[in-house]
>>> print(open('data_7.pdb').read())   # PDB, C-alpha atoms
MODEL        1
ATOM      1  CA  MET A   2      12.856 -18.807  11.323
ATOM      2  CA  LYS A   3      15.018 -16.868  13.733
ATOM      3  CA  ALA A   4      15.875 -14.351  11.023
ATOM      4  CA  THR A   5      12.198 -13.918  10.162
ATOM      5  CA  LEU A   6      11.363 -13.347  13.801
ATOM      6  CA  LYS A   7      14.052 -10.702  14.008
ATOM      7  CA  ARG A   8      12.757  -8.898  10.944
ATOM      8  CA  TYR A   9       9.250  -8.807  12.349
ATOM      9  CA  ARG A  10      10.391  -7.838  15.849
ATOM     10  CA  ALA A  11       9.154  -4.256  15.551
ATOM     11  CA  PHE A  12       5.823  -5.418  14.137
ATOM     12  CA  ILE A  13       5.310  -7.859  17.004
ATOM     13  CA  THR A  14       6.168  -5.132  19.519
ATOM     14  CA  VAL A  15       3.633  -2.690  18.079
ATOM     15  CA  ALA A  16       1.021  -5.463  17.871
ATOM     16  CA  LEU A  17       1.558  -6.212  21.570
ATOM     17  CA  ILE A  18       1.193  -2.515  22.396
ATOM     18  CA  ILE A  19      -2.142  -2.457  20.554
ATOM     19  CA  ILE A  20      -3.336  -5.533  22.434
ATOM     20  CA  ILE A  21      -2.440  -3.884  25.750
ATOM     21  CA  LEU A  22      -4.119  -0.678  24.595
ATOM     22  CA  THR A  23      -7.260  -2.616  23.719
ATOM     23  CA  ILE A  24      -7.330  -4.212  27.175
ATOM     24  CA  LEU A  25      -6.917  -0.812  28.849
ATOM     25  CA  ASN A  26      -9.252   1.116  26.579
ATOM     26  CA  LYS A  27     -11.485  -1.099  24.515
ATOM     27  CA  GLN A  28     -12.968   1.690  22.429
ATOM     28  CA  LEU A  29      -9.628   3.244  21.494
ATOM     29  CA  GLY A  30      -8.042  -0.143  20.807
ATOM     30  CA  PHE A  31     -10.814  -1.247  18.472
ATOM     31  CA  LYS A  32     -10.732   2.071  16.701
ATOM     32  CA  ALA A  33      -6.993   1.728  16.156
ATOM     33  CA  LEU A  34      -7.451  -1.811  14.842
ATOM     34  CA  ASN A  35     -10.240  -0.668  12.557
ATOM     35  CA  ILE A  36      -8.109   2.059  11.036
ATOM     36  CA  ALA A  37      -5.175  -0.329  10.694
ATOM     37  CA  ALA A  38      -7.411  -2.843   8.902
ATOM     38  CA  TYR A  39      -8.575  -0.077   6.602
ATOM     39  CA  SER A  40      -5.000   0.977   5.792
ATOM     40  CA  PHE A  41      -4.088  -2.658   5.239
ATOM     41  CA  LYS A  42      -6.909  -3.022   2.734
ATOM     42  CA  GLU A  43      -5.727   0.125   0.984
ATOM     43  CA  MET A  44      -2.214  -1.261   0.819
ATOM     44  CA  LEU A  45      -3.415  -4.570  -0.606
ATOM     45  CA  LEU A  46      -5.392  -2.708  -3.242
ATOM     46  CA  VAL A  47      -2.791  -0.245  -4.499
ATOM     47  CA  ILE A  48       0.547  -1.846  -3.753
ATOM     48  CA  PRO A  49       0.507  -5.059  -5.887
ATOM     49  CA  PRO A  50       0.465  -3.334  -9.303
ATOM     50  CA  VAL A  51       3.229  -0.961  -8.180
ATOM     51  CA  PHE A  52       5.469  -3.901  -7.342
ATOM     52  CA  VAL A  53       4.567  -5.856 -10.474
ATOM     53  CA  LEU A  54       5.430  -2.806 -12.586
ATOM     54  CA  LEU A  55       8.676  -2.492 -10.647
ATOM     55  CA  GLY A  56       9.490  -6.128 -11.459
ATOM     56  CA  LEU A  57       8.671  -5.661 -15.154
ATOM     57  CA  LEU A  58      10.797  -2.524 -15.270
ATOM     58  CA  ASP A  59      13.683  -4.331 -13.649
ATOM     59  CA  VAL A  60      13.601  -7.215 -16.096
ATOM     60  CA  TRP A  61      12.598  -5.581 -19.382
ATOM     61  CA  VAL A  62      14.057  -2.093 -19.504
ATOM     62  CA  PRO A  63      17.798  -2.179 -20.181
ATOM     63  CA  ARG A  64      20.130  -0.110 -18.051
ATOM     64  CA  GLU A  65      21.351   1.787 -21.120
ATOM     65  CA  THR A  66      17.828   3.009 -21.894
ATOM     66  CA  MET A  67      17.270   4.232 -18.361
ATOM     67  CA  ILE A  68      20.648   5.988 -18.333
ATOM     68  CA  LYS A  69      19.907   7.625 -21.670
ATOM     69  CA  TYR A  70      16.594   9.052 -20.525
ATOM     70  CA  MET A  71      17.174   9.643 -16.818
ATOM     71  CA  GLY A  72      20.876   9.156 -16.105
ATOM     72  CA  GLU A  73      23.811  11.547 -16.008
ATOM     73  CA  GLY A  74      23.524  14.009 -18.868
ATOM     74  CA  SER A  75      19.805  13.430 -19.386
ATOM     75  CA  GLY A  76      19.280  17.086 -18.493
ATOM     76  CA  LEU A  77      15.821  18.603 -18.664
ATOM     77  CA  LYS A  78      14.423  15.448 -20.278
ATOM     78  CA  GLY A  79      15.392  13.460 -17.186
ATOM     79  CA  ILE A  80      13.884  16.001 -14.833
ATOM     80  CA  VAL A  81      10.580  16.144 -16.728
ATOM     81  CA  LEU A  82      10.379  12.351 -16.950
ATOM     82  CA  SER A  83      11.062  11.986 -13.225
ATOM     83  CA  ILE A  84       8.281  14.432 -12.408
ATOM     84  CA  LEU A  85       5.851  12.751 -14.809
ATOM     85  CA  ILE A  86       6.521   9.207 -13.592
ATOM     86  CA  GLY A  87       6.307  10.282  -9.951
ATOM     87  CA  SER A  88       3.108  12.258 -10.555
ATOM     88  CA  ALA A  89       1.407   9.418 -12.405
ATOM     89  CA  ALA A  90       1.953   7.083  -9.471
ATOM     90  CA  ALA A  91      -0.677   5.861  -7.100
ATOM     91  CA  GLY A  92      -0.274   4.787  -3.543
ATOM     92  CA  PRO A  93       1.400   6.091  -0.421
ATOM     93  CA  LEU A  94       4.924   7.481  -0.341
ATOM     94  CA  TYR A  95       6.444   4.317   1.063
ATOM     95  CA  GLY A  96       5.601   2.592  -2.224
ATOM     96  CA  ALA A  97       7.995   4.958  -3.975
ATOM     97  CA  PHE A  98      11.141   3.778  -2.194
ATOM     98  CA  PRO A  99      11.389   0.280  -3.736
ATOM     99  CA  VAL A 100      10.776   1.835  -7.162
ATOM    100  CA  ALA A 101      13.533   4.354  -6.455
ATOM    101  CA  ALA A 102      15.837   1.448  -5.604
ATOM    102  CA  VAL A 103      15.236  -0.091  -9.041
ATOM    103  CA  PHE A 104      15.834   3.322 -10.644
ATOM    104  CA  MET A 105      19.193   3.564  -8.898
ATOM    105  CA  LYS A 106      20.056   0.044  -9.951
ATOM    106  CA  LYS A 107      19.343   1.055 -13.525
ATOM    107  CA  GLY A 108      21.651   4.061 -13.356
ATOM    108  CA  VAL A 109      19.168   6.881 -12.926
ATOM    109  CA  LYS A 110      20.880  10.070 -11.776
ATOM    110  CA  PHE A 111      20.609  10.737  -8.047
ATOM    111  CA  ASN A 112      19.057  14.136  -8.601
ATOM    112  CA  ASN A 113      16.306  12.555 -10.699
ATOM    113  CA  VAL A 114      15.681   9.847  -8.116
ATOM    114  CA  LEU A 115      15.071  12.587  -5.552
ATOM    115  CA  ILE A 116      12.811  14.500  -7.938
ATOM    116  CA  PHE A 117      10.846  11.301  -8.537
ATOM    117  CA  ILE A 118      10.406  10.808  -4.766
ATOM    118  CA  GLY A 119       9.324  14.418  -4.404
ATOM    119  CA  ALA A 120       6.809  14.165  -7.227
ATOM    120  CA  TRP A 121       5.391  10.911  -5.901
ATOM    121  CA  SER A 122       4.978  12.484  -2.486
ATOM    122  CA  THR A 123       3.103  15.562  -3.511
ATOM    123  CA  THR A 124       2.144  16.211  -7.141
ATOM    124  CA  LYS A 125       0.136  13.080  -7.786
ATOM    125  CA  ILE A 126      -2.232  13.609 -10.695
ATOM    126  CA  PRO A 127      -4.862  11.100  -9.492
ATOM    127  CA  MET A 128      -5.051  13.080  -6.248
ATOM    128  CA  LEU A 129      -5.293  16.481  -7.947
ATOM    129  CA  LEU A 130      -8.937  16.036  -8.904
ATOM    130  CA  PHE A 131      -9.720  15.075  -5.356
ATOM    131  CA  GLU A 132      -7.932  18.131  -4.078
ATOM    132  CA  ILE A 133      -9.759  20.450  -6.488
ATOM    133  CA  SER A 134     -13.154  19.128  -5.518
ATOM    134  CA  SER A 135     -12.433  19.322  -1.774
ATOM    135  CA  LEU A 136     -10.396  22.486  -1.423
ATOM    136  CA  GLY A 137     -10.941  24.359  -4.666
ATOM    137  CA  GLY A 138      -8.909  24.906  -7.813
ATOM    138  CA  LYS A 139      -7.106  27.948  -6.495
ATOM    139  CA  PHE A 140      -5.728  26.000  -3.560
ATOM    140  CA  ALA A 141      -4.795  22.933  -5.624
ATOM    141  CA  PHE A 142      -3.111  24.741  -8.508
ATOM    142  CA  THR A 143      -1.216  27.161  -6.275
ATOM    143  CA  ARG A 144       0.158  24.199  -4.371
ATOM    144  CA  LEU A 145       1.080  22.387  -7.573
ATOM    145  CA  LEU A 146       2.795  25.445  -9.043
ATOM    146  CA  VAL A 147       4.845  26.017  -5.894
ATOM    147  CA  ASP A 148       5.604  22.328  -5.423
ATOM    148  CA  ILE A 149       7.070  21.544  -8.842
ATOM    149  CA  PRO A 150       9.975  24.026  -8.687
ATOM    150  CA  GLY A 151      10.258  23.293  -4.957
ATOM    151  CA  ILE A 152      10.797  19.592  -5.580
ATOM    152  CA  VAL A 153      13.472  20.254  -8.193
ATOM    153  CA  ILE A 154      15.323  22.792  -6.046
ATOM    154  CA  MET A 155      15.184  20.570  -2.960
ATOM    155  CA  ALA A 156      16.480  17.586  -4.933
ATOM    156  CA  TYR A 157      19.362  19.702  -6.152
ATOM    157  CA  ILE A 158      20.268  20.957  -2.663
ATOM    158  CA  LEU A 159      19.918  17.497  -1.106
ATOM    159  CA  SER A 160      22.196  15.846  -3.643
ATOM    160  CA  LYS A 161      24.747  18.607  -3.077
ATOM    161  CA  LEU A 162      24.659  18.059   0.687
ATOM    162  CA  LEU A 163      25.696  14.435   0.301
ATOM    163  CA  SER A 164      29.249  13.502  -0.539
ATOM    164  CA  LYS A 165      30.075  11.339  -3.548
ATOM    165  CA  ASP A 166      30.881   8.446  -1.242
ATOM    166  CA  GLU A 167      27.583   8.735   0.572
ATOM    167  CA  ILE A 168      25.652   8.680  -2.701
ATOM    168  CA  GLU A 169      27.678   5.712  -3.908
ATOM    169  CA  GLU A 170      26.879   3.918  -0.676
ATOM    170  CA  ILE A 171      23.141   4.443  -1.267
ATOM    171  CA  TYR A 172      23.470   3.113  -4.824
ATOM    172  CA  LYS A 173      25.345   0.073  -3.583
ATOM    173  CA  ASP A 174      22.624  -0.665  -1.037
ATOM    174  CA  ALA A 175      19.972  -0.318  -3.746
ATOM    175  CA  GLU A 176      21.821  -2.930  -5.759
ATOM    176  CA  LEU A 177      21.480  -5.404  -2.907
ATOM    177  CA  ILE A 178      18.063  -4.594  -1.541
ATOM    178  CA  ASN A 179      15.786  -6.237  -4.105
ATOM    179  CA  LYS A 180      17.824  -9.388  -4.376
TER     180      LYS A 180
ATOM    181  CA  MET B  14     -10.756   5.143 -10.719
ATOM    182  CA  SER B  15      -6.976   5.686 -10.761
ATOM    183  CA  THR B  16      -6.587   2.263  -9.175
ATOM    184  CA  LEU B  17      -8.555   0.789 -12.062
ATOM    185  CA  ILE B  18      -6.256   2.464 -14.604
ATOM    186  CA  LEU B  19      -3.201   1.280 -12.697
ATOM    187  CA  TYR B  20      -4.482  -2.301 -12.694
ATOM    188  CA  SER B  21      -5.416  -2.191 -16.382
ATOM    189  CA  ILE B  22      -1.969  -0.966 -17.384
ATOM    190  CA  THR B  23      -0.225  -3.495 -15.168
ATOM    191  CA  ILE B  24      -2.282  -6.425 -16.451
ATOM    192  CA  LEU B  25      -1.839  -5.335 -20.045
ATOM    193  CA  LEU B  26       1.926  -5.084 -19.672
ATOM    194  CA  LEU B  27       2.032  -8.382 -17.844
ATOM    195  CA  ILE B  28       0.166 -10.113 -20.708
ATOM    196  CA  LEU B  29       2.468  -8.503 -23.270
ATOM    197  CA  SER B  30       5.481  -9.604 -21.286
ATOM    198  CA  PHE B  31       4.103 -13.138 -21.012
ATOM    199  CA  ILE B  32       3.526 -13.374 -24.763
ATOM    200  CA  LYS B  33       7.027 -12.165 -25.477
ATOM    201  CA  ASP B  34       8.937 -14.168 -22.912
ATOM    202  CA  LYS B  35       7.509 -16.531 -20.319
ATOM    203  CA  LYS B  36      10.727 -16.914 -18.389
ATOM    204  CA  LYS B  37      11.380 -13.199 -18.112
ATOM    205  CA  THR B  38       7.824 -12.646 -16.912
ATOM    206  CA  LYS B  39       8.268 -15.210 -14.204
ATOM    207  CA  MET B  40      11.506 -13.554 -13.202
ATOM    208  CA  SER B  41       9.894 -10.117 -12.964
ATOM    209  CA  LEU B  42       7.089 -11.480 -10.798
ATOM    210  CA  LYS B  43       9.665 -13.080  -8.568
ATOM    211  CA  LYS B  44      11.468  -9.766  -8.287
ATOM    212  CA  ALA B  45       8.198  -7.992  -7.516
ATOM    213  CA  TRP B  46       7.477 -10.409  -4.705
ATOM    214  CA  LYS B  47      10.978 -10.147  -3.288
ATOM    215  CA  ALA B  48      10.873  -6.361  -3.300
ATOM    216  CA  PHE B  49       7.539  -6.511  -1.509
ATOM    217  CA  GLU B  50       8.537  -9.130   1.026
ATOM    218  CA  ASN B  51      11.682  -7.192   1.751
ATOM    219  CA  ILE B  52       9.732  -4.188   2.932
ATOM    220  CA  LEU B  53       6.698  -5.964   4.394
ATOM    221  CA  PRO B  54       7.777  -5.873   8.076
ATOM    222  CA  GLU B  55       8.224  -2.100   7.916
ATOM    223  CA  PHE B  56       4.912  -1.693   6.066
ATOM    224  CA  LEU B  57       3.081  -3.608   8.765
ATOM    225  CA  VAL B  58       4.608  -1.531  11.546
ATOM    226  CA  VAL B  59       3.625   1.673   9.763
ATOM    227  CA  ILE B  60       0.059   0.453   9.280
ATOM    228  CA  LEU B  61      -0.422  -0.527  12.921
ATOM    229  CA  PHE B  62       1.199   2.637  14.159
ATOM    230  CA  VAL B  63      -0.980   4.813  11.957
ATOM    231  CA  GLY B  64      -4.006   3.001  13.364
ATOM    232  CA  VAL B  65      -3.101   4.013  16.900
ATOM    233  CA  LEU B  66      -2.191   7.536  15.866
ATOM    234  CA  LEU B  67      -5.413   8.227  13.986
ATOM    235  CA  ALA B  68      -7.489   6.652  16.746
ATOM    236  CA  VAL B  69      -6.117   9.333  19.050
ATOM    237  CA  LEU B  70      -5.944  12.165  16.500
ATOM    238  CA  ASN B  71      -9.334  12.346  14.805
ATOM    239  CA  PRO B  72     -10.555  15.231  12.607
ATOM    240  CA  GLU B  73     -12.343  16.842  15.558
ATOM    241  CA  THR B  74      -9.160  16.948  17.594
ATOM    242  CA  ILE B  75      -7.182  18.244  14.649
ATOM    243  CA  SER B  76      -9.657  21.018  13.859
ATOM    244  CA  LYS B  77      -9.612  22.111  17.501
ATOM    245  CA  VAL B  78      -5.858  22.527  17.331
ATOM    246  CA  ILE B  79      -5.717  24.412  14.037
ATOM    247  CA  GLY B  80      -8.966  26.318  14.275
ATOM    248  CA  SER B  81      -9.668  29.877  13.199
ATOM    249  CA  ASP B  82      -7.295  32.684  14.186
ATOM    250  CA  SER B  83      -4.691  30.230  15.373
ATOM    251  CA  GLY B  84      -2.180  32.190  13.263
ATOM    252  CA  TRP B  85       1.396  31.027  12.833
ATOM    253  CA  ILE B  86       1.144  28.834  15.925
ATOM    254  CA  GLY B  87      -1.730  27.108  14.160
ATOM    255  CA  VAL B  88       0.360  26.764  11.017
ATOM    256  CA  ILE B  89       3.195  25.179  12.994
ATOM    257  CA  LEU B  90       0.832  22.801  14.777
ATOM    258  CA  ALA B  91      -0.887  21.937  11.495
ATOM    259  CA  ALA B  92       2.498  21.192   9.947
ATOM    260  CA  VAL B  93       3.461  18.956  12.872
ATOM    261  CA  VAL B  94       0.166  17.066  12.757
ATOM    262  CA  GLY B  95       0.554  16.599   9.002
ATOM    263  CA  ALA B  96       4.129  15.407   9.407
ATOM    264  CA  VAL B  97       3.390  12.693  11.946
ATOM    265  CA  THR B  98       0.159  11.404  10.458
ATOM    266  CA  LEU B  99      -0.204   9.343   7.346
ATOM    267  CA  ILE B 100      -3.657   9.627   5.852
ATOM    268  CA  PRO B 101      -4.474   8.496   2.322
ATOM    269  CA  GLY B 102      -5.321  11.397   0.024
ATOM    270  CA  PHE B 103      -8.931  10.491  -0.549
ATOM    271  CA  VAL B 104      -9.493  10.714   3.208
ATOM    272  CA  ALA B 105      -7.159  13.652   3.768
ATOM    273  CA  PHE B 106      -8.747  16.093   1.339
ATOM    274  CA  PRO B 107     -12.328  15.726   2.540
ATOM    275  CA  THR B 108     -11.010  15.897   6.113
ATOM    276  CA  ALA B 109      -9.153  19.090   5.264
ATOM    277  CA  ALA B 110     -12.321  20.503   3.723
ATOM    278  CA  LEU B 111     -14.182  19.690   6.937
ATOM    279  CA  ILE B 112     -11.531  21.375   9.046
ATOM    280  CA  LEU B 113     -11.676  24.368   6.747
ATOM    281  CA  LYS B 114     -15.440  24.603   7.228
ATOM    282  CA  SER B 115     -15.062  24.401  10.970
ATOM    283  CA  GLY B 116     -12.914  27.504  10.875
ATOM    284  CA  ALA B 117      -9.296  26.770  10.079
ATOM    285  CA  GLY B 118      -7.527  29.149   7.696
ATOM    286  CA  TYR B 119      -6.170  28.277   4.260
ATOM    287  CA  MET B 120      -2.630  28.776   5.479
ATOM    288  CA  GLN B 121      -3.049  26.159   8.208
ATOM    289  CA  ILE B 122      -4.686  23.763   5.762
ATOM    290  CA  GLY B 123      -1.894  24.394   3.267
ATOM    291  CA  ALA B 124       0.726  23.500   5.861
ATOM    292  CA  PHE B 125      -1.234  20.427   6.954
ATOM    293  CA  ILE B 126      -1.736  19.055   3.416
ATOM    294  CA  SER B 127       1.830  19.824   2.414
ATOM    295  CA  THR B 128       3.559  18.106   5.332
ATOM    296  CA  LEU B 129       1.016  15.305   5.229
ATOM    297  CA  MET B 130       2.153  14.429   1.735
ATOM    298  CA  MET B 131       5.848  15.310   1.807
ATOM    299  CA  VAL B 132       6.939  14.530   5.346
ATOM    300  CA  GLY B 133       6.582  11.043   6.772
ATOM    301  CA  VAL B 134       7.755  10.695  10.344
ATOM    302  CA  VAL B 135       6.091   7.303  10.660
ATOM    303  CA  THR B 136       7.660   6.021   7.458
ATOM    304  CA  ILE B 137      11.189   7.122   8.399
ATOM    305  CA  PRO B 138      12.269   3.528   9.159
ATOM    306  CA  VAL B 139      11.160   2.462   5.664
ATOM    307  CA  GLU B 140      12.863   5.418   4.039
ATOM    308  CA  MET B 141      16.077   4.882   5.980
ATOM    309  CA  LYS B 142      16.296   1.334   4.730
ATOM    310  CA  TYR B 143      16.631   2.668   1.192
ATOM    311  CA  PHE B 144      18.282   6.052   1.580
ATOM    312  CA  GLY B 145      20.243   5.891   4.810
ATOM    313  CA  LYS B 146      19.882   8.034   7.901
ATOM    314  CA  LYS B 147      21.388  11.293   6.706
ATOM    315  CA  LEU B 148      19.402  11.728   3.509
ATOM    316  CA  THR B 149      16.161  10.614   5.151
ATOM    317  CA  VAL B 150      16.480  13.126   7.965
ATOM    318  CA  LEU B 151      17.536  15.918   5.604
ATOM    319  CA  ARG B 152      14.766  15.205   3.099
ATOM    320  CA  ASN B 153      12.058  15.245   5.738
ATOM    321  CA  LEU B 154      13.488  18.342   7.381
ATOM    322  CA  PHE B 155      13.664  20.234   4.082
ATOM    323  CA  ALA B 156      10.153  19.182   3.125
ATOM    324  CA  PHE B 157       8.917  20.337   6.523
ATOM    325  CA  ILE B 158      10.461  23.777   6.153
ATOM    326  CA  PHE B 159       9.336  24.019   2.528
ATOM    327  CA  SER B 160       5.757  23.360   3.632
ATOM    328  CA  PHE B 161       5.722  26.684   5.501
ATOM    329  CA  PHE B 162       6.639  28.430   2.291
ATOM    330  CA  VAL B 163       3.860  26.565   0.471
ATOM    331  CA  ALA B 164       1.420  27.513   3.225
ATOM    332  CA  TYR B 165       2.443  31.163   3.049
ATOM    333  CA  ILE B 166       1.986  31.339  -0.728
ATOM    334  CA  ILE B 167      -1.361  29.560  -0.542
ATOM    335  CA  GLY B 168      -2.450  32.023   2.134
ATOM    336  CA  LEU B 169      -1.438  34.936  -0.074
ATOM    337  CA  VAL B 170      -3.047  33.642  -3.249
ATOM    338  CA  VAL B 171      -6.318  32.371  -1.832
ATOM    339  CA  HIS B 172      -6.984  35.486   0.221
ATOM    340  CA  SER B 173      -5.890  38.081  -2.319
ATOM    341  CA  ILE B 174      -7.845  36.975  -5.364
TER     342      ILE B 174
ENDMDL
END
>>> encode(input="data_7.pdb", output="structure tokens")
Amino acid sequence: MKATLKRYRAFITVALIIIILTILNKQLGFKALNIAAYSFKEMLLVIPPVFVLLGLLDVWVPRETMIKYMGEGSGLKGIVLSILIGSAAAGPLYGAFPVAAVFMKKGVKFNNVLIFIGAWSTTKIPMLLFEISSLGGKFAFTRLLVDIPGIVIMAYILSKLLSKDEIEEIYKDAELINK
Amino acid sequence: MSTLILYSITILLLILSFIKDKKKTKMSLKKAWKAFENILPEFLVVILFVGVLLAVLNPETISKVIGSDSGWIGVILAAVVGAVTLIPGFVAFPTAALILKSGAGYMQIGAFISTLMMVGVVTIPVEMKYFGKKLTVLRNLFAFIFSFFVAYIIGLVVHSI
């Protein structure tokens, strides 16, 4: 009980702030609550399948398979797969982190984990159609064409900026986090 | 539509898994729930926080800030607004189109969309839980800077052709 309360401490604090805000400015408070309810609905809609897939991946796909396709020495194949899996995803960026944790647990190369996060954040295929219809094909495809190499280069630089120990630490945490 | 596909695939795989091995299926569902519950407090904070943020920062306010002829200052402001807000894509794109109509340039919109998707100031606590402080800060910083490059290229391409 005490541990649960501690985990939800930040949530309770923000909730209190919203209540105070609503008392001070009813219109703004209700608007904030409305938007929060909307986001919550969105989360409930998109997030469950992502987590179920994550669970299935964790249980069914052997570590050796993941290492072969996306681990050290997977080369271009690993990079392409990371981009494709990230781009096929649905849901907000924060949904990508638990999936990344399972990837790390399964021995996916750090570089590819970062590429996956990058792809999930910005080259989502389901969103591309939306982007084309709202902002035009020229805008959408230019962004996509700049983003794909950008994601790969950034992943490379980021993994070089971290020491071996720091990366190992992140992998160790990933091992523990979904337990 | 994409949600429908996602659900269909998930349900299909779940049925396949259940036919093959009941116990393993149960285990994977348990893992799914644990992974979700683990991150739920942070999710809830993000959702509430975004509510407050978007209540204050509506499309009208945003378009005022990054309106026409706002130049590089407008690009920087657009990038900052995109970095701190978290709007789902199907709201963000139409909003961006609206802002574009009300006079913002493609470069500003490019910066806004790019940081909106790649940089998540609000979700930093969630990210840090998985990737630690250093990588989280670096990743967001790099994505922020990269967004200016994206904006510049978009500006070049859209205006020159």
>>> resolve_selection(input="data_7.pdb", expression="the PyMOL selection byres ((chain B) within 7 of (chain A))", output="number ranges by chain")
B: 15-16, 19-20, 23, 37, 41-42, 44-45, 47-49, 54, 57-58, 60-61, 63-65, 68, 101-103, 106-107, 110, 130-131, 136, 139-140, 143-145, 163, 167, 171
>>> atom_distance(input="data_7.pdb", atom1="CA of Lys78 in chain A", atom2="CA of Leu27 in chain B")
27.0 Å
>>> resolve_selection(input="data_7.pdb", expression="the PyMOL selection byres ((chain A and resi 73) around 10)", output="list in words")
Ile68, Lys69, Tyr70, Met71, Gly72, Gly74, Ser75, Gly76, Gly79, Gly108, Val109, Lys110, Phe111, Asn112 and Asn113 of chain A
>>> resolve_selection(input="data_7.pdb", expression="the PyMOL selection byres ((chain B and resi 84) around 12)", output="VMD selection string")
chain B and resid 78 to 83 85 to 91 116 to 122 124 164 to 165 168
>>> atom_distance(input="data_7.pdb", atom1="CA of Phe162 in chain B", atom2="CA of Val134 in chain B")
19.5 Å
>>> axis_aligned_box(input="data_7.pdb", around="range 86-104 of chain B", padding_each_side="3 Å", output="JSON")
{"center_x": -2.7, "center_y": 18.7, "center_z": 7.7, "size_x": 19.6, "size_y": 26.3, "size_z": 22.5}
>>> closest_residue(input="data_7.pdb", among="A:Leu45, A:Ile20, A:Arg64, A:Leu130", to="Lys107 in chain A", atoms="only C-alpha atoms")
A:Arg64
>>> atom_distance(input="data_7.pdb", atom1="CA of Leu6 in chain A", atom2="CA of Ile52 in chain B")
14.3 Å
>>> closest_residue(input="data_7.pdb", among="B:Leu53, B:Leu129, B:Val59, B:Val69", to="Val94 in chain B", atoms="only C-alpha atoms")
B:Leu129
>>> residues_around(input="data_7.pdb", residues="Phe157 in chain B", least_positions_apart="6", cutoff="8 Å", atoms="all atoms listed in the file", output="PDB file with C-alpha atoms, keeping the file's coordinate frame")
ATOM      1  CA  ALA B  92       2.498  21.192   9.947  1.00  0.00           C
ATOM      2  CA  ALA B  96       4.129  15.407   9.407  1.00  0.00           C
ATOM      3  CA  THR B 128       3.559  18.106   5.332  1.00  0.00           C
ATOM      4  CA  MET B 131       5.848  15.310   1.807  1.00  0.00           C
ATOM      5  CA  VAL B 132       6.939  14.530   5.346  1.00  0.00           C
TER       6      VAL B 132
END
>>> closest_residue(input="data_7.pdb", among="A:Leu17, A:Ala4, A:Met105, A:Val114", to="Val81 in chain A", atoms="all atoms listed in the file")
A:Val114
>>> closest_residue(input="data_7.pdb", among="A:Met67, A:Ile149, A:Val62, A:Leu177", to="Gly87 in chain A", atoms="only C-alpha atoms")
A:Ile149
>>> closest_residue(input="data_7.pdb", among="B:Ile32, B:Leu67, B:Ile158, B:Ala109", to="Ile126 in chain B", atoms="only C-alpha atoms")
B:Ala109
>>> decode(input="data_7.pdb", residues="range 134-145 of chain B", atoms="N, CA and C atoms", output="PDB file, in the first residue's frame")
ATOM      1  N   VAL B 134       9.420  16.366 -24.001  1.00  0.00           N
ATOM      2  CA  VAL B 134       9.822  16.906 -22.695  1.00  0.00           C
ATOM      3  C   VAL B 134       8.944  16.323 -21.597  1.00  0.00           C
ATOM      4  N   VAL B 135       7.646  16.228 -21.886  1.00  0.00           N
ATOM      5  CA  VAL B 135       6.715  15.722 -20.872  1.00  0.00           C
ATOM      6  C   VAL B 135       6.970  14.251 -20.557  1.00  0.00           C
ATOM      7  N   THR B 136       7.428  13.500 -21.558  1.00  0.00           N
ATOM      8  CA  THR B 136       7.608  12.068 -21.327  1.00  0.00           C
ATOM      9  C   THR B 136       9.021  11.717 -20.852  1.00  0.00           C
ATOM     10  N   ILE B 137       9.825  12.740 -20.555  1.00  0.00           N
ATOM     11  CA  ILE B 137      11.185  12.480 -20.069  1.00  0.00           C
ATOM     12  C   ILE B 137      11.228  11.558 -18.834  1.00  0.00           C
ATOM     13  N   PRO B 138      10.322  11.742 -17.864  1.00  0.00           N
ATOM     14  CA  PRO B 138      10.362  10.804 -16.726  1.00  0.00           C
ATOM     15  C   PRO B 138      10.151   9.342 -17.146  1.00  0.00           C
ATOM     16  N   VAL B 139       9.264   9.115 -18.118  1.00  0.00           N
ATOM     17  CA  VAL B 139       9.028   7.750 -18.592  1.00  0.00           C
ATOM     18  C   VAL B 139      10.279   7.219 -19.288  1.00  0.00           C
ATOM     19  N   GLU B 140      10.843   8.059 -20.132  1.00  0.00           N
ATOM     20  CA  GLU B 140      12.015   7.649 -20.905  1.00  0.00           C
ATOM     21  C   GLU B 140      13.207   7.344 -19.991  1.00  0.00           C
ATOM     22  N   MET B 141      13.359   8.188 -18.965  1.00  0.00           N
ATOM     23  CA  MET B 141      14.484   8.030 -18.051  1.00  0.00           C
ATOM     24  C   MET B 141      14.425   6.713 -17.297  1.00  0.00           C
ATOM     25  N   LYS B 142      13.199   6.281 -17.024  1.00  0.00           N
ATOM     26  CA  LYS B 142      13.016   5.022 -16.318  1.00  0.00           C
ATOM     27  C   LYS B 142      13.635   3.866 -17.108  1.00  0.00           C
ATOM     28  N   TYR B 143      13.587   3.957 -18.425  1.00  0.00           N
ATOM     29  CA  TYR B 143      14.107   2.877 -19.255  1.00  0.00           C
ATOM     30  C   TYR B 143      15.543   3.106 -19.719  1.00  0.00           C
ATOM     31  N   PHE B 144      15.877   4.365 -20.005  1.00  0.00           N
ATOM     32  CA  PHE B 144      17.168   4.616 -20.646  1.00  0.00           C
ATOM     33  C   PHE B 144      18.139   5.428 -19.799  1.00  0.00           C
ATOM     34  N   GLY B 145      17.760   5.779 -18.601  1.00  0.00           N
ATOM     35  CA  GLY B 145      18.666   6.555 -17.765  1.00  0.00           C
ATOM     36  C   GLY B 145      18.685   8.017 -18.167  1.00  0.00           C
TER      37      GLY B 145
END
